[in-house]
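First up is the structure itself, then whatever we jot down about it.
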Amino acid sequence: MPSYHLTQLDELEAESIHIFREVVSEFEKPVLMFSGGKDSIVMLRLAEKAFYPARVPFPMLQVDTGYDFPEVLATRDRWVDRLGVRMHVASVEDAIKDGIVVDDGKTSRNRLQIGTLLNAIEEEGYTAAFGGGRRDEEKARAKERVYSHRDEFGQWDPKNQRPEVWSLYNGRLHEGEHMRIFPLSNWTELDIWDYIRREEIDIPSIYFSHRRRVFERGGMLFSETDFNPCRPGEEVTERTVRFRTVGDLTLTGCLESEADTLDKIIEEVAASRITERGATRGDDKFSEAAMEDRKKEGYF
């Protein structure tokens, strides 16, 4: 007798595809926030499957800090070319020049993404923005609903969220408000990697182990770049490393690893007892509530 039971990945995929279709049927102008990392790529693959054989019916939005890894930008361009999706790039550098955000020399480009993103959403009139956040990543993201309401200032109130009983979503908005949508909420990092292996998904090469010149800062290894010069006492060495997450290269650390295949990465992630953000994202180490503070202001 044939088995009609879905695997865990099949159930997660079906839930995410349902969310994509629900949002497109309900919201006037959705957009998919795309960083070029593994989660946003999996999200884009799910959107592709949700509307196949038609094209993905919404654009992609990247908030470019100017400090992105070249390998990530190359992967982004391959996906855009293959799917024929419109790519909206909101540049932090341009936002600084236009006076939308203020670079005081102390605030990181990662934090300056907030004003840049909110300005892009307001200018384009996006009413729903898909994000690749997962509840297992970080405590603040664990508080998010699938439909995460943002007020007219783009801000998030974790104590004032809408119930989602029986996976019923309330997308009602007032003028100027928008909704953040998280189709991967119930996925884990291991689920993401299992899905990448199953679907043979194209991802940036820096997720696999490679030789790189790095230096240690704050207990993490950072890439040697012109944007991130060494400080007194820091020494550059060449090591075999890989990245568990990608973002602003001045704040995104790597880890020593020999995992140069998907099977090895999955084995490594399965044995890990710390999330990818906790292990390698410097912007989450400023304070215990760093991520939640940024999200309240309008972060991804």
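Labels for the structure tokens follow display order: chains A, B, ..., residues from 1 in each chain, ligands from 1.
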
Which region 110-211 of chain A residues have any atom within 9 Å of an atom of region 243-255 of chain A, and for each, what is the nearest pair of atoms with distance in Å to one decimal, counting only C-alpha atoms, rows sorted by chain and number, as a tab-separated table?
```
residue	atom	partner	partner_atom	distance
A:Asn110	CA	A:Asp248	CA	6.4
A:Ile206	CA	A:Phe243	CA	5.9
A:Tyr207	CA	A:Phe243	CA	4.9
A:Phe208	CA	A:Phe243	CA	7.2
A:Ser209	CA	A:Phe243	CA	7.9
```

Each region 38-94 of chain A residue no farther than 12 Å from region 24-30 of chain A, nearest pair in Å, only C-alpha atoms, as a tab-separated table:
```
residue	atom	partner	partner_atom	distance
A:Ala47	CA	A:Val24	CA	10.5
A:Ala50	CA	A:Val24	CA	10.4
A:Phe51	CA	A:Val24	CA	10.0
A:Val56	CA	A:Val24	CA	10.1
A:Pro57	CA	A:Val24	CA	7.9
A:Phe58	CA	A:Pro30	CA	6.1
A:Pro59	CA	A:Pro30	CA	7.8
A:Met60	CA	A:Pro30	CA	9.3
A:Leu61	CA	A:Pro30	CA	10.3
```

| Backbone DSSP call of strand (DSSP E or B) for region 95-258 of chain A, listed as a PyMOL selection string | chain A and resi 128-130+147-150+178-181+210-217+220-223+225+228+237-242+252+254-256

| query | Could you pull the residues within 7 Å of Glu256 (chain A), counting only C-alpha atoms, minus those fewer than 3 positions along the same chain, as a ChimeraX atom specification? | reply | /A:240-242

| said: Applying 10 Å and only C-alpha atoms, which residues near Ser167 (chain A) remain after dropping the ones on its own chain fewer than 6 positions away? List them as a VMD selection string. | reply: chain A and resid 15 19 146

Write out, as an mmCIF file, in the first residue's frame, the residues just selected, with C-alpha atoms.
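And here's selection33.cif as it stands now:
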```
data_model
loop_
_atom_site.group_PDB
_atom_site.id
_atom_site.type_symbol
_atom_site.label_atom_id
_atom_site.label_comp_id
_atom_site.auth_asym_id
_atom_site.auth_seq_id
_atom_site.Cartn_x
_atom_site.Cartn_y
_atom_site.Cartn_z
ATOM 1 C CA GLU A 15 2.840 25.220 5.317
ATOM 2 C CA ILE A 19 1.469 31.188 3.606
ATOM 3 C CA VAL A 146 3.828 34.402 11.104
#
```

| query | What separation in Å, quoted to one decimal, exists between CA of Asn170 (chain A) and CA of Ala129 (chain A)? | reply | 14.9 Å

| From A:Tyr126, A:Trp193, A:Phe69, A:Tyr147, residue lying nearest Ser223 (chain A) [only C-alpha atoms] | A:Phe69

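In this model, the gap between CA of Ala270 (chain A) and CA of Leu12 (chain A) comes to 18.3 Å.
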
Show which residues sit within 9 Å of Val23 (chain A), as a PDB file with N, CA, C and O atoms, in the first residue's frame. Count only C-alpha atoms, and ignore same-chain residues fewer than 6 positions away.
```
ATOM      1  N   PRO A  30       2.864  42.822  -1.998  1.00  0.00           N
ATOM      2  CA  PRO A  30       3.893  42.164  -1.203  1.00  0.00           C
ATOM      3  C   PRO A  30       5.274  42.274  -1.838  1.00  0.00           C
ATOM      4  O   PRO A  30       5.400  42.582  -3.032  1.00  0.00           O
ATOM      5  N   ALA A 128       3.100  44.130   2.491  1.00  0.00           N
ATOM      6  CA  ALA A 128       3.540  42.922   3.183  1.00  0.00           C
ATOM      7  C   ALA A 128       4.960  42.610   2.728  1.00  0.00           C
ATOM      8  O   ALA A 128       5.257  42.669   1.536  1.00  0.00           O
ATOM      9  N   GLY A 171      -4.773  39.724   8.515  1.00  0.00           N
ATOM     10  CA  GLY A 171      -3.947  40.650   7.758  1.00  0.00           C
ATOM     11  C   GLY A 171      -4.527  42.048   7.625  1.00  0.00           C
ATOM     12  O   GLY A 171      -4.087  42.811   6.762  1.00  0.00           O
ATOM     13  N   ILE A 181       5.944  39.092   7.078  1.00  0.00           N
ATOM     14  CA  ILE A 181       5.470  37.711   6.964  1.00  0.00           C
ATOM     15  C   ILE A 181       6.663  36.768   7.073  1.00  0.00           C
ATOM     16  O   ILE A 181       7.672  36.951   6.379  1.00  0.00           O
TER      17      ILE A 181
END
```

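For the pair CA of Asp103 (chain A) and CA of Gly115 (chain A), the separation is 11.4 Å.
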
| Asp202 (chain A): which residues within 10 Å, counting only C-alpha atoms, same-chain residues fewer than 5 positions away excluded, as a VMD selection string? | chain A and resid 38 41 to 42 45 75 to 76 78 to 79 196 to 197

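Nearest to Arg211 (chain A) of all the residues A:Asp68, A:Glu258, A:Asp39, A:Glu13 is A:Glu258, based on only C-alpha atoms.
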
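The set of residues in region 173-215 of chain A assigned to helix (DSSP H, G or I) by DSSP, using only backbone atoms of this structure, is A:Glu189, A:Leu190, A:Asp191, A:Ile192, A:Trp193, A:Asp194, A:Tyr195, A:Ile196, A:Arg197, A:Arg198, A:Glu199, A:Ser205, A:Ile206, A:Tyr207.
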
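When only C-alpha atoms are used to compute distances to Asn186 (chain A), the closest of the residues A:Val102, A:Ala271, A:Ala14, A:Val214 turns out to be A:Ala14.
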